[in-house]
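Chemist: Sharing run-v6.cif (mmCIF, C-alpha atoms and all ligand atoms) below.
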data_data
#
loop_
_atom_site.label_atom_id
_atom_site.label_comp_id
_atom_site.auth_asym_id
_atom_site.auth_seq_id
_atom_site.Cartn_x
_atom_site.Cartn_y
_atom_site.Cartn_z
CA MET A 1 -27.21 3.93 -15.69
CA SER A 2 -25.81 2.40 -12.52
CA SER A 3 -23.66 -0.64 -11.85
CA PHE A 4 -25.87 -1.21 -8.80
CA ASP A 5 -28.91 -1.69 -11.06
CA PRO A 6 -29.27 -5.43 -11.89
CA GLN A 7 -31.09 -4.59 -15.13
CA HIS A 8 -28.16 -2.43 -16.28
CA ARG A 9 -25.76 -5.27 -15.48
CA GLN A 10 -27.82 -7.79 -17.45
CA ASN A 11 -25.99 -7.23 -20.75
CA ASN A 12 -23.18 -5.03 -19.52
CA VAL A 13 -19.96 -6.85 -18.67
CA ALA A 14 -18.22 -3.68 -17.40
CA GLY A 15 -21.12 -2.97 -15.06
CA HIS A 16 -21.12 -6.57 -13.83
CA ALA A 17 -17.35 -6.50 -13.26
CA THR A 18 -17.65 -3.15 -11.46
CA VAL A 19 -20.21 -4.43 -8.99
CA THR A 20 -18.14 -7.60 -8.47
CA LEU A 21 -15.17 -5.39 -7.52
CA TYR A 22 -17.47 -3.52 -5.16
CA ARG A 23 -18.43 -6.79 -3.42
CA ILE A 24 -14.76 -7.78 -3.16
CA SER A 25 -13.99 -4.40 -1.57
CA GLN A 26 -16.78 -5.03 0.95
CA ALA A 27 -15.23 -8.41 1.79
CA ILE A 28 -11.79 -6.81 2.21
CA ALA A 29 -13.25 -4.21 4.60
CA LEU A 30 -14.85 -7.02 6.62
CA LEU A 31 -11.64 -9.07 6.68
CA LEU A 32 -9.67 -6.10 8.03
CA ARG A 33 -12.39 -5.29 10.55
CA ASP A 34 -12.43 -8.88 11.76
CA LYS A 35 -8.65 -8.99 12.03
CA GLY A 36 -8.50 -5.69 13.92
CA GLN A 37 -11.30 -6.59 16.32
CA LYS A 38 -9.23 -9.45 17.71
CA TYR A 39 -6.65 -6.91 18.89
CA GLY A 40 -8.86 -3.90 19.68
CA LEU A 41 -7.92 -2.07 16.47
CA SER A 42 -10.16 -0.37 13.91
CA PRO A 43 -9.69 -1.29 10.20
CA THR A 44 -8.06 2.13 9.68
CA GLN A 45 -5.61 1.47 12.51
CA VAL A 46 -4.76 -1.91 10.94
CA GLN A 47 -4.06 -0.19 7.61
CA ALA A 48 -1.95 2.47 9.33
CA LEU A 49 0.17 -0.15 11.14
CA LEU A 50 0.76 -2.05 7.90
CA PHE A 51 1.64 1.18 6.09
CA LEU A 52 4.23 2.01 8.74
CA ALA A 53 5.56 -1.56 8.65
CA TYR A 54 6.23 -1.58 4.91
CA ALA A 55 6.53 1.98 3.58
CA ARG A 56 9.88 3.67 3.01
CA PRO A 57 10.75 5.52 6.26
CA ASN A 58 10.71 8.95 4.57
CA ALA A 59 7.07 8.31 3.49
CA CYS A 60 6.02 7.67 7.10
CA THR A 61 4.75 11.16 7.85
CA ILE A 62 1.25 12.36 8.74
CA GLY A 63 0.88 13.45 5.08
CA GLY A 64 2.07 10.06 3.82
CA LEU A 65 -0.35 8.29 6.13
CA ALA A 66 -3.18 10.57 4.93
CA ASP A 67 -2.30 9.71 1.30
CA ARG A 68 -2.31 6.02 2.05
CA LEU A 69 -5.57 6.06 4.00
CA GLY A 70 -7.25 8.45 1.54
CA CYS A 71 -8.17 10.90 4.30
CA THR A 72 -7.26 14.39 5.51
CA SER A 73 -4.10 15.16 7.50
CA ALA A 74 -6.30 15.91 10.54
CA THR A 75 -7.87 12.46 10.34
CA ALA A 76 -4.47 10.79 9.82
CA SER A 77 -3.16 12.70 12.83
CA GLY A 78 -6.09 11.35 14.87
CA VAL A 79 -5.26 7.80 13.77
CA ALA A 80 -1.60 8.34 14.76
CA ASP A 81 -2.76 9.75 18.16
CA ALA A 82 -4.84 6.66 18.84
CA LEU A 83 -1.98 4.33 17.93
CA GLU A 84 0.41 6.40 20.04
CA ARG A 85 -1.93 6.08 23.03
CA LYS A 86 -1.89 2.29 22.55
CA GLY A 87 1.92 2.38 22.66
CA LEU A 88 2.23 1.16 19.05
CA VAL A 89 3.57 4.29 17.32
CA ILE A 90 5.92 7.15 18.18
CA ARG A 91 6.12 10.59 16.57
CA GLU A 92 9.42 12.40 16.12
CA PRO A 93 10.33 15.56 14.21
CA TRP A 94 12.28 14.87 11.00
CA PRO A 95 15.88 16.01 11.65
CA GLN A 96 16.09 17.86 8.26
CA ASN A 97 12.82 19.74 8.78
CA ARG A 98 11.49 19.76 12.33
CA ARG A 99 8.04 20.82 11.19
CA THR A 100 7.62 17.43 9.50
CA ILE A 101 6.59 14.71 11.92
CA MET A 102 7.87 11.22 11.24
CA LEU A 103 5.91 8.21 12.46
CA SER A 104 7.45 4.88 13.36
CA LEU A 105 6.40 1.67 15.05
CA THR A 106 7.46 0.87 18.60
CA ALA A 107 8.58 -2.67 19.39
CA ASN A 108 4.96 -3.42 20.40
CA GLY A 109 3.82 -1.81 17.12
CA VAL A 110 6.12 -4.07 15.10
CA ALA A 111 4.73 -7.11 16.95
CA MET A 112 1.13 -5.96 16.42
CA ALA A 113 1.73 -5.29 12.70
CA ALA A 114 3.05 -8.85 12.40
CA MET A 115 -0.14 -10.17 14.03
CA VAL A 116 -2.47 -8.37 11.60
CA ASP A 117 -0.22 -8.93 8.58
CA ASP A 118 -2.28 -11.87 7.31
CA GLY A 119 -5.48 -9.82 7.05
CA LEU A 120 -5.89 -10.67 3.36
CA GLU A 121 -5.03 -14.35 3.62
CA GLU A 122 -8.59 -15.53 2.91
CA LEU A 123 -8.65 -13.45 -0.27
CA GLU A 124 -5.26 -14.70 -1.43
CA THR A 125 -6.36 -18.29 -0.80
CA VAL A 126 -9.20 -17.83 -3.29
CA VAL A 127 -6.97 -15.98 -5.78
CA ARG A 128 -4.46 -18.84 -5.65
CA GLU A 129 -7.11 -21.20 -7.03
CA LEU A 130 -6.77 -19.52 -10.44
CA SER A 131 -4.55 -20.94 -13.17
CA GLU A 132 -1.31 -19.18 -14.10
CA ALA A 133 -2.90 -17.71 -17.23
CA GLU A 134 -5.91 -16.50 -15.23
CA LEU A 135 -3.63 -14.97 -12.60
CA ALA A 136 -1.62 -13.13 -15.26
CA ALA A 137 -4.83 -11.80 -16.83
CA LEU A 138 -6.22 -10.84 -13.41
CA LEU A 139 -3.04 -8.98 -12.47
CA ARG A 140 -3.01 -7.12 -15.79
CA ALA A 141 -6.65 -6.11 -15.42
CA ALA A 142 -6.32 -5.24 -11.72
CA ARG A 143 -3.30 -3.03 -12.43
CA HIS A 144 -5.20 -1.24 -15.16
CA ILE A 145 -8.02 -0.51 -12.70
CA GLU A 146 -5.56 0.45 -9.94
CA TRP A 147 -3.74 2.91 -12.19
CA GLY A 148 -6.94 4.33 -13.59
CA LEU A 149 -8.14 5.10 -10.07
CA ALA A 150 -4.69 6.47 -9.13
CA GLU A 151 -4.78 8.80 -12.15
CA GLN A 152 -8.18 10.04 -11.01
CA GLY A 153 -6.62 10.74 -7.59
CA TRP A 154 -8.62 8.21 -5.56
CA ILE A 155 -5.67 6.10 -4.42
CA LYS A 156 -1.90 6.27 -4.30
CA VAL A 157 0.02 3.24 -5.55
CA TYR A 158 3.00 2.14 -3.46
CA GLU A 159 5.44 -0.50 -4.71
CA SER A 160 8.91 -1.80 -3.87
CA CYS A 161 11.97 -1.10 -6.04
CA TRP A 162 12.06 -4.66 -7.38
CA LYS A 163 8.71 -4.07 -9.09
CA CYS A 164 9.56 -0.54 -10.24
CA HIS A 165 10.45 0.61 -13.72
CA MET A 166 12.93 3.16 -12.27
CA PHE A 167 15.02 0.57 -10.43
CA ARG A 168 18.58 -0.19 -11.64
CA PRO A 169 19.85 -3.19 -9.63
CA ASP A 170 23.61 -3.53 -9.04
CA GLU A 171 24.42 -0.32 -10.87
CA HIS A 172 27.14 0.49 -8.31
CA PRO A 173 29.03 -2.83 -7.95
CA ASN A 174 31.93 -1.13 -6.14
CA ASP A 175 29.72 0.30 -3.40
CA PRO A 176 28.78 -2.54 -1.00
CA LEU A 177 26.63 -0.23 1.15
CA ARG A 178 24.52 1.21 -1.69
CA PRO A 179 24.87 -1.07 -4.71
CA HIS A 180 21.55 -0.25 -6.42
CA HIS A 181 20.25 2.88 -8.13
CA CYS A 182 16.96 4.76 -8.40
CA ALA A 183 16.64 6.50 -11.77
CA PHE A 184 13.74 8.60 -10.47
CA MET A 185 15.76 10.16 -7.63
CA ASP A 186 19.06 9.62 -9.49
CA ALA A 187 20.52 8.28 -6.25
CA PRO A 188 22.14 5.06 -5.03
CA LEU A 189 20.08 2.74 -2.85
CA GLN A 190 20.98 0.36 -0.07
CA GLU A 191 19.65 -3.19 -0.25
CA ALA A 192 17.25 -2.86 2.72
CA ASP A 193 15.51 0.18 1.18
CA THR A 194 14.72 -1.72 -2.00
CA TYR A 195 12.23 -3.94 -0.13
CA THR A 196 10.16 -1.07 1.28
CA GLU A 197 7.18 0.49 -0.50
CA CYS A 198 7.63 3.81 -2.28
CA SER A 199 4.95 6.22 -3.47
CA TYR A 200 7.05 7.27 -6.51
CA ALA A 201 7.27 3.76 -7.92
CA VAL A 202 6.32 3.17 -11.54
CA PRO A 203 5.26 -0.49 -11.34
CA LEU A 204 6.73 -2.80 -13.96
CA GLY A 205 4.26 -4.37 -16.32
CA GLU A 206 2.10 -4.00 -19.30
CA LEU A 207 1.06 -0.46 -18.42
CA VAL A 208 4.61 0.87 -18.75
CA GLN A 209 5.01 1.79 -22.42
S1 LIG B 1 11.02 5.37 -7.60
FE1 LIG B 1 10.87 4.46 -5.55
S2 LIG B 1 10.43 2.28 -5.94
FE2 LIG B 1 11.20 3.15 -7.84
S3 LIG B 1 13.41 2.72 -7.84
FE3 LIG B 1 13.09 4.76 -6.98
S4 LIG B 1 13.00 4.44 -4.75
FE4 LIG B 1 12.66 2.45 -5.74
#
What does the file become when written as structure tokens?
Ligand code: SF4
Modeler:
Amino acid sequence: MSSFDPQHRQNNVAGHATVTLYRISQAIALLLRDKGQKYGLSPTQVQALLFLAYARPNACTIGGLADRLGCTSATASGVADALERKGLVIREPWPQNRRTIMLSLTANGVAMAAMVDDGLEELETVVRELSEAELAALLRAARHIEWGLAEQGWIKVYESCWKCHMFRPDEHPNDPLRPHHCAFMDAPLQEADTYTECSYAVPLGELVQ
């Protein structure tokens, strides 16, 4: 039985939905390719720039990039090399462990990330046509699929603190520099960090029991 087989999909809603997701993923790949081509970037380089633009700084390592791109460290290193040659990324050893290489965007990298940031706009335009109830159902279903694939090890889910079950806002009202708290790390958080994406996040929602 295969979701690609139209006969199998005939009376099989899960198979039909699966192949629909496959077509959407093809469209997303094309959207990113199109966006990157305008600026001489591959789709992978676009994804790497957006990862570095939004991920928590301590996740911006070669290993973190490999996790995000779903590739090996050697491949992620090659992507970082290419972006470094374009003057968009710099590598620096992490002060606490000089064997770990941190990646960050240069000023040109920040500007380029901003230019490719709307790579999913066409998709969101179509999604916005749904009613509120349809959007809520779509989000619930999409999260279920996302987490199922994450549990199988195919993707890593990044989220910001404000959408994370482990976030305790304003838990330290007397500390203006780090007023929030992360229950996962058991550590205070500064405001700016709460808007970056974290690989340890447990997204809020129906899947959290
Ligand atoms: S686990 Fe990550 S996203 Fe969640 S509160 Fe802690 S730092 Fe924020």
Chemist: So what do you get for atom CA of A:Trp94 versus atom S4 of ligand LIG 1 (chain B), distance-wise?
Modeler: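 For atom CA of A:Trp94 relative to atom S4 of ligand LIG 1 (chain B), the distance reads 18.9 Å.
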Chemist: Could you tell me, counting only C-alpha atoms and all ligand atoms, which protein and nucleic acid residues lie no more than 10 Å from ligand LIG 1 (chain B), written as a PyMOL selection string?
Modeler: chain A and resi 56+158-169+180-189+193-204
Chemist: By how many Å are atom CA of A:Gly153 and atom CA of A:Ser77 apart?
Modeler: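 Taking atom CA of A:Gly153 as the start and atom CA of A:Ser77 as the end point, the length is 20.8 Å.
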Chemist: Residues at most 8 Å from A:Pro179, counting all atoms listed in the file, excluding those fewer than 3 positions away in the same chain, as a PyMOL selection string?
Modeler: chain A and resi 169-176+188-191
Chemist: Give me the residues within 10 Å of A:Thr72 as a list in words, counting only C-alpha atoms and dropping any in the same chain fewer than 6 places off.
Modeler: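 These residues fall inside the cut-off: Ile62, Gly63, Leu65, Ala66 and Gly78 of chain A.
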Chemist: Which residues come within 12 Å of A:Ser42, counting only C-alpha atoms, excluding same-chain residues fewer than 2 positions away, as a list of chain:residue names?
Modeler: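 Near A:Ser42, the qualifying residues are A:Ala29, A:Leu30, A:Leu31, A:Leu32, A:Arg33, A:Asp34, A:Lys35, A:Gly36, A:Gln37, A:Lys38, A:Tyr39, A:Gly40, A:Thr44, A:Gln45, A:Val46, A:Gln47, A:Ala48, A:Leu49, A:Val79, A:Ala82, A:Leu83, A:Val116.
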Chemist: Which residue out of A:Asp67, A:His16, A:Ser73, A:Leu21 has the minimum interatomic distance to A:Ala142 when only C-alpha atoms are used?
Modeler: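 Result for the nearest residue to A:Ala142: A:Leu21.
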Chemist: Go through A:Arg140, A:Arg99, A:Arg85, A:Arg68 and flag the residue nearest A:Ile155, using all atoms listed in the file for the distances.
Modeler: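 Once distances to A:Ile155 are computed over all atoms listed in the file, the minimum belongs to A:Arg68.
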Chemist: Within 7 Å of A:Leu52, counting all atoms listed in the file, which residues show up once you throw out same-chain ones fewer than 4 positions away? Write them as an mmCIF file with C-alpha atoms, in the coordinates of the input, please.
Modeler:
data_model
loop_
_atom_site.group_PDB
_atom_site.id
_atom_site.type_symbol
_atom_site.label_atom_id
_atom_site.label_comp_id
_atom_site.auth_asym_id
_atom_site.auth_seq_id
_atom_site.Cartn_x
_atom_site.Cartn_y
_atom_site.Cartn_z
ATOM 1 C CA ALA A 48 -1.950 2.470 9.330
ATOM 2 C CA CYS A 60 6.020 7.670 7.100
ATOM 3 C CA SER A 104 7.450 4.880 13.360
ATOM 4 C CA LEU A 105 6.400 1.670 15.050
#
Chemist: Nearest to A:Val127 among A:Asp81, A:Ile24, A:Gln96, A:Val157, with distances taken over all atoms listed in the file: which residue is it?
Modeler: A:Ile24
Chemist: Specify the axis-aligned box that encloses all atoms of stretch 140-151 of chain A listed in the file after padding of 8 Å on each side, stating its centre and edge lengths in Å to one decimal as lines of an AutoDock Vina configuration file.
Modeler:
center_x = -5.6
center_y = 0.8
center_z = -12.5
size_x = 21.1
size_y = 31.9
size_z = 22.7
Chemist: Fewer than 6 positions away in the same chain doesn't count, so skip those; otherwise give me all residues within 9 Å of A:Leu50, counting only C-alpha atoms, as a list of chain:residue names.
Modeler: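 Contacts, with the query itself left out: A:Ala113, A:Ala114, A:Val116, A:Asp117.
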Chemist: Return the single residue from A:Gly70, A:Thr100, A:Tyr22, A:Arg9 that is closest to A:Lys156, with distances computed using only C-alpha atoms.
Modeler: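 When distances to A:Lys156 are compared using only C-alpha atoms, the smallest one comes from A:Gly70.
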Chemist: Rounded to one decimal, what separation in Å do you get between atom CA of A:Leu88 and atom CA of A:Val110?
Modeler: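 Atom CA of A:Leu88 sits 7.6 Å away from atom CA of A:Val110.
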Chemist: Could you check which of A:Glu151, A:Ser25, A:Leu41, A:Arg98 is closest to A:Thr61, using all atoms listed in the file?
Modeler: A:Arg98
Chemist: Here is a test: counting only C-alpha atoms, which residue of A:Leu130, A:Val13, A:Met102, A:Ile90 is nearest to A:Asn58?
Modeler: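 Once distances to A:Asn58 are computed over only C-alpha atoms, the minimum belongs to A:Met102.
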Chemist: Can you rebuild stretch 9-42 of chain A with N, CA and C atoms and give it as a PDB file, in the frame of the given file?
Modeler:
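The file below, out.pdb, is the result:
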ATOM      1  N   ARG A   9     -26.851  -4.289 -15.424  1.00  0.00           N
ATOM      2  CA  ARG A   9     -25.760  -5.270 -15.480  1.00  0.00           C
ATOM      3  C   ARG A   9     -26.077  -6.451 -16.400  1.00  0.00           C
ATOM      4  N   GLN A  10     -27.362  -6.612 -16.720  1.00  0.00           N
ATOM      5  CA  GLN A  10     -27.820  -7.790 -17.450  1.00  0.00           C
ATOM      6  C   GLN A  10     -26.967  -8.071 -18.697  1.00  0.00           C
ATOM      7  N   ASN A  11     -26.768  -7.045 -19.525  1.00  0.00           N
ATOM      8  CA  ASN A  11     -25.990  -7.230 -20.750  1.00  0.00           C
ATOM      9  C   ASN A  11     -24.784  -6.290 -20.769  1.00  0.00           C
ATOM     10  N   ASN A  12     -24.267  -5.997 -19.602  1.00  0.00           N
ATOM     11  CA  ASN A  12     -23.180  -5.030 -19.520  1.00  0.00           C
ATOM     12  C   ASN A  12     -22.053  -5.628 -18.681  1.00  0.00           C
ATOM     13  N   VAL A  13     -21.043  -6.148 -19.384  1.00  0.00           N
ATOM     14  CA  VAL A  13     -19.960  -6.850 -18.670  1.00  0.00           C
ATOM     15  C   VAL A  13     -19.196  -5.895 -17.760  1.00  0.00           C
ATOM     16  N   ALA A  14     -18.966  -4.650 -18.230  1.00  0.00           N
ATOM     17  CA  ALA A  14     -18.220  -3.680 -17.400  1.00  0.00           C
ATOM     18  C   ALA A  14     -18.989  -3.381 -16.112  1.00  0.00           C
ATOM     19  N   GLY A  15     -20.311  -3.235 -16.250  1.00  0.00           N
ATOM     20  CA  GLY A  15     -21.120  -2.970 -15.060  1.00  0.00           C
ATOM     21  C   GLY A  15     -21.098  -4.152 -14.105  1.00  0.00           C
ATOM     22  N   HIS A  16     -21.161  -5.367 -14.664  1.00  0.00           N
ATOM     23  CA  HIS A  16     -21.120  -6.570 -13.830  1.00  0.00           C
ATOM     24  C   HIS A  16     -19.776  -6.670 -13.102  1.00  0.00           C
ATOM     25  N   ALA A  17     -18.688  -6.434 -13.862  1.00  0.00           N
ATOM     26  CA  ALA A  17     -17.350  -6.500 -13.260  1.00  0.00           C
ATOM     27  C   ALA A  17     -17.199  -5.428 -12.176  1.00  0.00           C
ATOM     28  N   THR A  18     -17.775  -4.243 -12.430  1.00  0.00           N
ATOM     29  CA  THR A  18     -17.650  -3.150 -11.460  1.00  0.00           C
ATOM     30  C   THR A  18     -18.315  -3.522 -10.140  1.00  0.00           C
ATOM     31  N   VAL A  19     -19.513  -4.088 -10.235  1.00  0.00           N
ATOM     32  CA  VAL A  19     -20.210  -4.430  -8.990  1.00  0.00           C
ATOM     33  C   VAL A  19     -19.538  -5.622  -8.302  1.00  0.00           C
ATOM     34  N   THR A  20     -18.904  -6.494  -9.080  1.00  0.00           N
ATOM     35  CA  THR A  20     -18.140  -7.600  -8.470  1.00  0.00           C
ATOM     36  C   THR A  20     -16.964  -7.031  -7.672  1.00  0.00           C
ATOM     37  N   LEU A  21     -16.267  -6.037  -8.247  1.00  0.00           N
ATOM     38  CA  LEU A  21     -15.170  -5.390  -7.520  1.00  0.00           C
ATOM     39  C   LEU A  21     -15.686  -4.733  -6.241  1.00  0.00           C
ATOM     40  N   TYR A  22     -16.872  -4.161  -6.334  1.00  0.00           N
ATOM     41  CA  TYR A  22     -17.470  -3.520  -5.160  1.00  0.00           C
ATOM     42  C   TYR A  22     -17.691  -4.557  -4.057  1.00  0.00           C
ATOM     43  N   ARG A  23     -18.198  -5.744  -4.433  1.00  0.00           N
ATOM     44  CA  ARG A  23     -18.430  -6.790  -3.420  1.00  0.00           C
ATOM     45  C   ARG A  23     -17.106  -7.268  -2.817  1.00  0.00           C
ATOM     46  N   ILE A  24     -16.079  -7.365  -3.677  1.00  0.00           N
ATOM     47  CA  ILE A  24     -14.760  -7.780  -3.160  1.00  0.00           C
ATOM     48  C   ILE A  24     -14.250  -6.736  -2.164  1.00  0.00           C
ATOM     49  N   SER A  25     -14.451  -5.456  -2.488  1.00  0.00           N
ATOM     50  CA  SER A  25     -13.990  -4.400  -1.570  1.00  0.00           C
ATOM     51  C   SER A  25     -14.738  -4.475  -0.245  1.00  0.00           C
ATOM     52  N   GLN A  26     -16.029  -4.860  -0.298  1.00  0.00           N
ATOM     53  CA  GLN A  26     -16.780  -5.030   0.950  1.00  0.00           C
ATOM     54  C   GLN A  26     -16.178  -6.177   1.779  1.00  0.00           C
ATOM     55  N   ALA A  27     -15.821  -7.268   1.085  1.00  0.00           N
ATOM     56  CA  ALA A  27     -15.230  -8.410   1.790  1.00  0.00           C
ATOM     57  C   ALA A  27     -13.892  -8.021   2.415  1.00  0.00           C
ATOM     58  N   ILE A  28     -13.091  -7.239   1.683  1.00  0.00           N
ATOM     59  CA  ILE A  28     -11.790  -6.810   2.210  1.00  0.00           C
ATOM     60  C   ILE A  28     -11.993  -5.967   3.468  1.00  0.00           C
ATOM     61  N   ALA A  29     -12.973  -5.055   3.422  1.00  0.00           N
ATOM     62  CA  ALA A  29     -13.250  -4.210   4.600  1.00  0.00           C
ATOM     63  C   ALA A  29     -13.638  -5.092   5.793  1.00  0.00           C
ATOM     64  N   LEU A  30     -14.435  -6.127   5.526  1.00  0.00           N
ATOM     65  CA  LEU A  30     -14.850  -7.020   6.620  1.00  0.00           C
ATOM     66  C   LEU A  30     -13.673  -7.835   7.159  1.00  0.00           C
ATOM     67  N   LEU A  31     -12.815  -8.299   6.243  1.00  0.00           N
ATOM     68  CA  LEU A  31     -11.640  -9.070   6.680  1.00  0.00           C
ATOM     69  C   LEU A  31     -10.754  -8.235   7.597  1.00  0.00           C
ATOM     70  N   LEU A  32     -10.528  -6.967   7.207  1.00  0.00           N
ATOM     71  CA  LEU A  32      -9.670  -6.100   8.030  1.00  0.00           C
ATOM     72  C   LEU A  32     -10.347  -5.766   9.357  1.00  0.00           C
ATOM     73  N   ARG A  33     -11.669  -5.589   9.313  1.00  0.00           N
ATOM     74  CA  ARG A  33     -12.390  -5.290  10.550  1.00  0.00           C
ATOM     75  C   ARG A  33     -12.289  -6.475  11.518  1.00  0.00           C
ATOM     76  N   ASP A  34     -12.482  -7.671  10.945  1.00  0.00           N
ATOM     77  CA  ASP A  34     -12.430  -8.880  11.760  1.00  0.00           C
ATOM     78  C   ASP A  34     -11.036  -9.057  12.378  1.00  0.00           C
ATOM     79  N   LYS A  35     -10.024  -8.831  11.546  1.00  0.00           N
ATOM     80  CA  LYS A  35      -8.650  -8.990  12.030  1.00  0.00           C
ATOM     81  C   LYS A  35      -8.346  -7.982  13.135  1.00  0.00           C
ATOM     82  N   GLY A  36      -8.767  -6.731  12.925  1.00  0.00           N
ATOM     83  CA  GLY A  36      -8.500  -5.690  13.920  1.00  0.00           C
ATOM     84  C   GLY A  36      -9.242  -5.929  15.220  1.00  0.00           C
ATOM     85  N   GLN A  37     -10.480  -6.407  15.114  1.00  0.00           N
ATOM     86  CA  GLN A  37     -11.300  -6.590  16.320  1.00  0.00           C
ATOM     87  C   GLN A  37     -10.630  -7.519  17.329  1.00  0.00           C
ATOM     88  N   LYS A  38      -9.905  -8.493  16.808  1.00  0.00           N
ATOM     89  CA  LYS A  38      -9.230  -9.450  17.710  1.00  0.00           C
ATOM     90  C   LYS A  38      -8.233  -8.744  18.624  1.00  0.00           C
ATOM     91  N   TYR A  39      -7.704  -7.596  18.135  1.00  0.00           N
ATOM     92  CA  TYR A  39      -6.650  -6.910  18.890  1.00  0.00           C
ATOM     93  C   TYR A  39      -7.075  -5.502  19.321  1.00  0.00           C
ATOM     94  N   GLY A  40      -8.365  -5.209  19.243  1.00  0.00           N
ATOM     95  CA  GLY A  40      -8.860  -3.900  19.680  1.00  0.00           C
ATOM     96  C   GLY A  40      -8.463  -2.775  18.736  1.00  0.00           C
ATOM     97  N   LEU A  41      -8.306  -3.092  17.452  1.00  0.00           N
ATOM     98  CA  LEU A  41      -7.920  -2.070  16.470  1.00  0.00           C
ATOM     99  C   LEU A  41      -9.047  -1.868  15.464  1.00  0.00           C
ATOM    100  N   SER A  42      -9.204  -0.629  14.993  1.00  0.00           N
ATOM    101  CA  SER A  42     -10.160  -0.370  13.910  1.00  0.00           C
ATOM    102  C   SER A  42      -9.498  -0.772  12.584  1.00  0.00           C
TER     103      SER A  42
END
